[in-house]
Amino acid sequence: MGHLNTFIPFIVMGITSMILQITVLRLLLSTFSGNELDIGITLSFWLIYVGLGSYVGGRIRLRHAFTLSFIVVSLLAQPTVLMIKAIRPALSLYPGEAVSFTYTILSTAISLSPLCFVIGLQFPLAVSYAGTRDAAGRIYSLEALGAFIGGVLFTFVISGRLGVMELCFSLALINIFMAVYISRKKIITLLIIIPLFFYISLCKISTSLPWHGIEPSQTVESRYGEITVIQVREQSSIYVNGQLFFTYPDIPSEELKAHLSMAFHPSPSKILVIGGSPGSLKEFLKYPVDGIDFIELNLKIVELSSRLLSQQEDRDALKDRKVRIIVEDARRFIKRLKKPTYDLLILNLPQPSTASINRFYTSDFFREARGILKDNGILTITISSSTGYIGRRMQTASGSIYNSLKSVFKYVGVTAQEYGGLFASDTPMNTDPETLEDRFVQRALKTRYFNQYIFRDAFSPLDVDYVRKRLSDIKIINTDLQPSAYLYNLMLWAEVHGGKALHCLLGIRGWHIISLSGVIIIPVLFLTFRRKRRVIYLSIFTTGFSSMAFMLAIILAYQALYGYVYEMIGMLSAIFMIGLWAGASLCRNIKNALRLLFYLELMTITLAFTSTIFFKSEFLFYVFNLLFGTIAGGQFSTANLSMGEPEMAGRLYGLDLIGSFLGAFIPSIILIPLFGISHTLLFIVGIKTISAVMIVSLRAKVI
Amino acid sequence: MAKTVQCELCPNACVLENGQHSRCRARMNKDGVLYSLVYGKPCAVHVDPIEKKPFFHFLPGTTAFSIATAGCVLSCKFCQNWQISQARPEDTDNYDLPPDNVVRQAIFYDCRSITYTYTEPTVFYEYMYDTAIIAKKYKIKNTMHSCGYIKEKPLRKLSKYMDAADIDLKAFTEDFYNRICSGSLKPVLNSLVVLKEEGVWLEITNLVIPTLNDDMKTVKEMCKWILKNLGPDVPIHFSRFFPHYKLTNLPPTPLETLTETRKTAMDAGLKFVYIGNIRHEGENTFCPKCKKMLIERIGYFVKQNNISNGKCRFCSTSIPGVWS
């Protein structure tokens, strides 16, 4: 066996599994319209299948099993991708129709099973291939290193450059070569025909498959998600992760957006438009303005939409001296600006049905926005529109945005429900339809669809009154770390799709969690008190749970604050993995393992308590993630050492896995969406305190 | 098993065990008697321009007292009123508004008509029927916006009191009704013919949804059917789809599609073809003979009306509709 043999296959294992994990995560995210809840669901199933695979792998006594595992991985990558892309047509969903909660879980569970199971098989097969008993630790480290490399590669090299089908094809080739390398059987190379066949035959259908047979005119990978352009006649619609962002040209909507907002202000001269179609720019230019800043965080969308501009006046607007296109995250831009600059700030984004969009509907954002508005400046927002009646779910979803605005601005107005408009200012705004109508007529603007009569309809006193009353009933505030509007949009989603499961989950209250935890914890305390082995089991279980819960809290907090998890998830996972590895290696030769385990528990608690400090900057996020990974890795190692019985390692691994599964599943579907990130971190503090106290109960006896 | 009942109101013809709710959610079998759960309990009550319903040949420029209760006989994936149409009456916040009160309110708000709309009025048939009788006594007209998914017998009975109906002809294929609405086309076509026979003023609305029902060949077939069975005078409104309910991510209808649909319908021989939900020349009424503009509309507002005594002011051609 050559020297390279001792590490290359294991690193490749790590690289392959990390890249595949990120790929399926992103694919599933776009299948489920960008809903971040699925990150936790995907990770939990990933873990459980890998665990199962690893359990089965430990019992396989086939001669070439390790070689075979590379071949199977290489053959499964493309079909898995295809399976995920086929979820929407298989559920006979139309483009844009969202997947129900139950089907989200079921289809994630089914599509991941074969690939993840085989990936899980690989670890024990690698250990038996290496032949020595102490190889496990070394392979674990190499795999973690591979995962780190994979995460970095994905983020900085692959993301935005390589399509999914090309990526999976390349991974398939690498794994086939790995199989050849290990087994020294060149004949295996012939297997390349299969991925090549898949690549050639499926590349084309894989893009149109999720769109019910409609051929997207363009598909582009970006930092923030997969962008798809669907063309119907002359009209293009831009989707990010399957969610409709805007349609161009759509002059009636462009005009409505611009002129309705502009009418509120007696003399708007500096305007900031966040997101949406560049088609609305020409409408703003019809006013005697000083400047229009159009901000969009996704460079790819800006590039794509400027290429799509079919109307001359839109192309001219883009070149106008008064127009400035800014490619930056609007929140960061506004935070940096600080001083009052704008008369009008128009938020032109879809409804906050994902955490990444919700960050523009929170009171934190509204406060920042208020800071850059001039004295009589106005912020306008679009909420879900309806006709006839605002249902209770929509009332809560829109009401929480309305109330968040009211918590920041002195005056908040509404339009009739068909228009779904909210506008806020610190000076009173005149919304009398006649005044607005007169103002619009006096400005003598040329419009094609917008007309002065719209004000009578949009501000009909009876209708405005109805909306205001309906929204005023809601007293919830949407914040960054407690994203309630996002939650209520999920509820709205549940109502649209009639799923019972999500309804039940959303009915869970804080006292349910506290009393259920009590019921579970009290017997656990009795069973583990002063029993060393059980205390260690508990500690390892809670480590698994808290490390995954932590990871998810970080991912979602990152999304809530910065909004591009889609790009950075690879980096976040990679750093966590390297932390795990570092922690495990650092704690390999420790004398008083139990004492260290106790200290590590304390460190987890401290870290969870102080986490909000780390949420202050992007860099600290990675530091936090690394620290937490290291502590978690240290805990696995010290728990194993404290046990003092190597044969128990399998059982500890199993408990860790169950903990991790629950730690990914429960926080992602219950704790984080319902109670927010801060409360989830408190929950971790609670769990870890119990396991720390239980270690203390041993100290009198053992230490 | 004696307590099983069958509802005879709509083509769903629900057979209900004791305690079971109908598919429309608005009716229930209690001990062998079928009850309406929404009688006198509307959840949507508004004063709207009649043009919003849309009625273009029925008392233009007047307002309609509009009511709806929860529930619907169909379940269209694009429903813009899904929050009430797909809800159970106990899940909506309802007003207490018995029929006589509806009429009283309509008079108070100076409405010339009452419209049963937003959801499917068939589900609150008894409420609508009783209200219509009282309204007629007070010279208030009755109109409804319906999907026409109702059985012939109750429809004929209702027609005695109904002055106008706007029927959604959602598409012209059984496949569309089946897949997108969970219903069927045939009963709707039958209702259109029945309303015409009963002398109820009829207008048709067709929501044009990209990729789902925007095939011009089918639109042409539909218009030919209308021409043959209902005549050329029936106004038809092609309205623009906006993403709603389960199809929130489907693009809105391109304008060219709407103008082409309008042209197809006019070429087929229909005289009054309108485009809804958007400002366009197709919002206005033109005289079929002298081609002059009769009613100029902007949005839901009537800017000028050149119809007097039901005739074109320029060439005296009779314009079908209810004008006073």
# chains A, B, ... in the order shown; residues from 1 in each chain; ligands from 1
$ interface_residues --of "chain A" --to "chain B" --cutoff "8 Å" --atoms "only C-alpha atoms" --output "ChimeraX atom specification"
/A:94-98,232-235,237,242-244,247,250,252,386-392,448-451,453-454,463,496-497
$ residues_around --residues "Pro60 in chain B" --least-positions-apart "4" --cutoff "7 Å" --atoms "only C-alpha atoms" --output "list of chain:residue names"
B:Ile50, B:Glu51, B:Phe56
$ write_last_selection --atoms "C-alpha atoms" --output "compact mmCIF listing (two decimals), in the first residue's frame"
# COMPACT_ATOMS: atom_id res chain seq x y z
CA ILE B 50 -70.97 47.59 -9.73
CA GLU B 51 -68.13 47.66 -12.29
CA PHE B 56 -70.70 46.60 -17.44
$ atom_distance --atom1 "CA of Ser668 in chain A" --atom2 "CA of Leu37 in chain A"
5.6 Å
$ select_by_dssp --residues "range 220-313 of chain B" --states "alpha helix (DSSP H)" --output "JSON, numbers by chain"
{"B": [220, 221, 222, 223, 224, 225, 226, 227, 228, 229, 230, 255, 256, 257, 258, 259, 260, 261, 262, 263, 264, 265, 266, 267]}
$ atom_distance --atom1 "CA of Ala165 in chain B" --atom2 "CA of His145 in chain B"
5.8 Å
$ closest_residue --among "B:Gly40, B:Arg156, B:Cys76, B:Asp110" --to "Met128 in chain B" --atoms "only C-alpha atoms"
B:Gly40
$ atom_distance --atom1 "CA of Glu281 in chain B" --atom2 "CA of Ile167 in chain B"
22.7 Å
$ residues_around --residues "Tyr39 in chain B" --least-positions-apart "3" --cutoff "9 Å" --atoms "only C-alpha atoms" --output "number ranges by chain"
B: 36, 42, 69, 97-99, 124-128
$ closest_residue --among "A:Thr630, A:Asn430, A:Gln21, A:Asn376" --to "Trp46 in chain A" --atoms "only C-alpha atoms"
A:Gln21
$ closest_residue --among "A:Pro114, A:Pro216, A:Pro79, A:Pro350" --to "Phe169 in chain A" --atoms "only C-alpha atoms"
A:Pro79
$ residues_around --residues "Tyr558 in chain A" --least-positions-apart "5" --cutoff "9 Å" --atoms "only C-alpha atoms" --output "ChimeraX atom specification"
/A:553,563-565,615,618,621
$ write_last_selection --atoms "N, CA and C atoms" --output "mmCIF file, in the first residue's frame"
data_model
loop_
_atom_site.group_PDB
_atom_site.id
_atom_site.type_symbol
_atom_site.label_atom_id
_atom_site.label_comp_id
_atom_site.auth_asym_id
_atom_site.auth_seq_id
_atom_site.Cartn_x
_atom_site.Cartn_y
_atom_site.Cartn_z
ATOM 1 N N ALA A 553 -29.219 27.315 14.753
ATOM 2 C CA ALA A 553 -29.447 28.670 15.247
ATOM 3 C C ALA A 553 -28.490 29.625 14.546
ATOM 4 N N GLY A 563 -28.407 37.178 5.300
ATOM 5 C CA GLY A 563 -29.256 36.789 4.182
ATOM 6 C C GLY A 563 -28.630 35.982 3.069
ATOM 7 N N TYR A 564 -27.371 35.533 3.205
ATOM 8 C CA TYR A 564 -26.901 34.689 2.109
ATOM 9 C C TYR A 564 -26.332 33.353 2.545
ATOM 10 N N VAL A 565 -27.115 32.683 3.381
ATOM 11 C CA VAL A 565 -26.767 31.324 3.782
ATOM 12 C C VAL A 565 -26.581 30.430 2.563
ATOM 13 N N PHE A 615 -23.159 37.590 17.283
ATOM 14 C CA PHE A 615 -24.022 37.907 16.146
ATOM 15 C C PHE A 615 -23.755 39.323 15.621
ATOM 16 N N GLU A 618 -19.981 39.529 11.002
ATOM 17 C CA GLU A 618 -19.949 38.311 10.215
ATOM 18 C C GLU A 618 -18.752 37.440 10.595
ATOM 19 N N PHE A 621 -19.232 35.385 13.621
ATOM 20 C CA PHE A 621 -20.070 34.213 13.374
ATOM 21 C C PHE A 621 -19.215 32.969 13.154
#
$ residues_around --residues "range 426-428 of chain A" --least-positions-apart "4" --cutoff "6 Å" --atoms "only C-alpha atoms" --output "list of chain:residue names"
A:Asn376, A:Phe409, A:Lys410, A:Tyr411
$ write_last_selection --atoms "N, CA and C atoms" --output "mmCIF file, in the first residue's frame"
data_model
loop_
_atom_site.group_PDB
_atom_site.id
_atom_site.type_symbol
_atom_site.label_atom_id
_atom_site.label_comp_id
_atom_site.auth_asym_id
_atom_site.auth_seq_id
_atom_site.Cartn_x
_atom_site.Cartn_y
_atom_site.Cartn_z
ATOM 1 N N ASN A 376 -39.797 64.617 6.710
ATOM 2 C CA ASN A 376 -41.128 64.126 6.349
ATOM 3 C C ASN A 376 -41.029 62.929 5.406
ATOM 4 N N PHE A 409 -42.520 53.929 13.834
ATOM 5 C CA PHE A 409 -42.959 55.208 13.250
ATOM 6 C C PHE A 409 -44.188 55.753 13.980
ATOM 7 N N LYS A 410 -44.305 57.075 13.947
ATOM 8 C CA LYS A 410 -45.444 57.708 14.613
ATOM 9 C C LYS A 410 -46.742 57.480 13.846
ATOM 10 N N TYR A 411 -46.639 57.509 12.518
ATOM 11 C CA TYR A 411 -47.852 57.397 11.707
ATOM 12 C C TYR A 411 -47.710 56.252 10.717
#
$ residues_around --residues "Ile690 in chain A" --least-positions-apart "2" --cutoff "10 Å" --atoms "only C-alpha atoms" --output "ChimeraX atom specification"
/A:521,524-525,538-539,542,601,684-688,692-696
$ write_last_selection --atoms "C-alpha atoms" --output "PDB file, in the first residue's frame"
ATOM      1  CA  ILE A 521     -36.201  15.683  32.614  1.00  0.00           C
ATOM      2  CA  VAL A 524     -33.867  11.448  33.538  1.00  0.00           C
ATOM      3  CA  LEU A 525     -32.531  13.150  36.677  1.00  0.00           C
ATOM      4  CA  LEU A 538     -26.722  12.030  28.959  1.00  0.00           C
ATOM      5  CA  SER A 539     -23.802  14.317  28.297  1.00  0.00           C
ATOM      6  CA  THR A 542     -27.101  16.584  24.960  1.00  0.00           C
ATOM      7  CA  GLU A 601     -20.239  21.730  29.470  1.00  0.00           C
ATOM      8  CA  ILE A 684     -29.631  24.685  24.954  1.00  0.00           C
ATOM      9  CA  VAL A 685     -28.420  26.407  28.111  1.00  0.00           C
ATOM     10  CA  GLY A 686     -31.127  24.546  30.048  1.00  0.00           C
ATOM     11  CA  ILE A 687     -30.245  21.148  28.625  1.00  0.00           C
ATOM     12  CA  LYS A 688     -26.543  21.633  29.091  1.00  0.00           C
ATOM     13  CA  ALA A 692     -23.379  19.697  33.880  1.00  0.00           C
ATOM     14  CA  VAL A 693     -25.237  19.354  37.190  1.00  0.00           C
ATOM     15  CA  MET A 694     -25.333  15.617  36.728  1.00  0.00           C
ATOM     16  CA  ILE A 695     -21.552  15.538  36.266  1.00  0.00           C
ATOM     17  CA  VAL A 696     -21.215  17.542  39.479  1.00  0.00           C
TER      18      VAL A 696
END
$ closest_residue --among "B:Ala13, B:Val194, B:Cys181, B:Ala268" --to "Thr218 in chain B" --atoms "only C-alpha atoms"
B:Ala268
$ residues_around --residues "Thr354 in chain A" --least-positions-apart "6" --cutoff "7 Å" --atoms "only C-alpha atoms" --output "PyMOL selection string"
chain A and resi 34-36+486
$ write_last_selection --atoms "C-alpha atoms" --output "mmCIF file, in the first residue's frame"
data_model
loop_
_atom_site.group_PDB
_atom_site.id
_atom_site.type_symbol
_atom_site.label_atom_id
_atom_site.label_comp_id
_atom_site.auth_asym_id
_atom_site.auth_seq_id
_atom_site.Cartn_x
_atom_site.Cartn_y
_atom_site.Cartn_z
ATOM 1 C CA GLY A 34 -36.430 28.978 -0.296
ATOM 2 C CA ASN A 35 -37.992 28.011 2.999
ATOM 3 C CA GLU A 36 -35.113 27.695 5.473
ATOM 4 C CA TYR A 486 -41.895 34.772 8.856
#
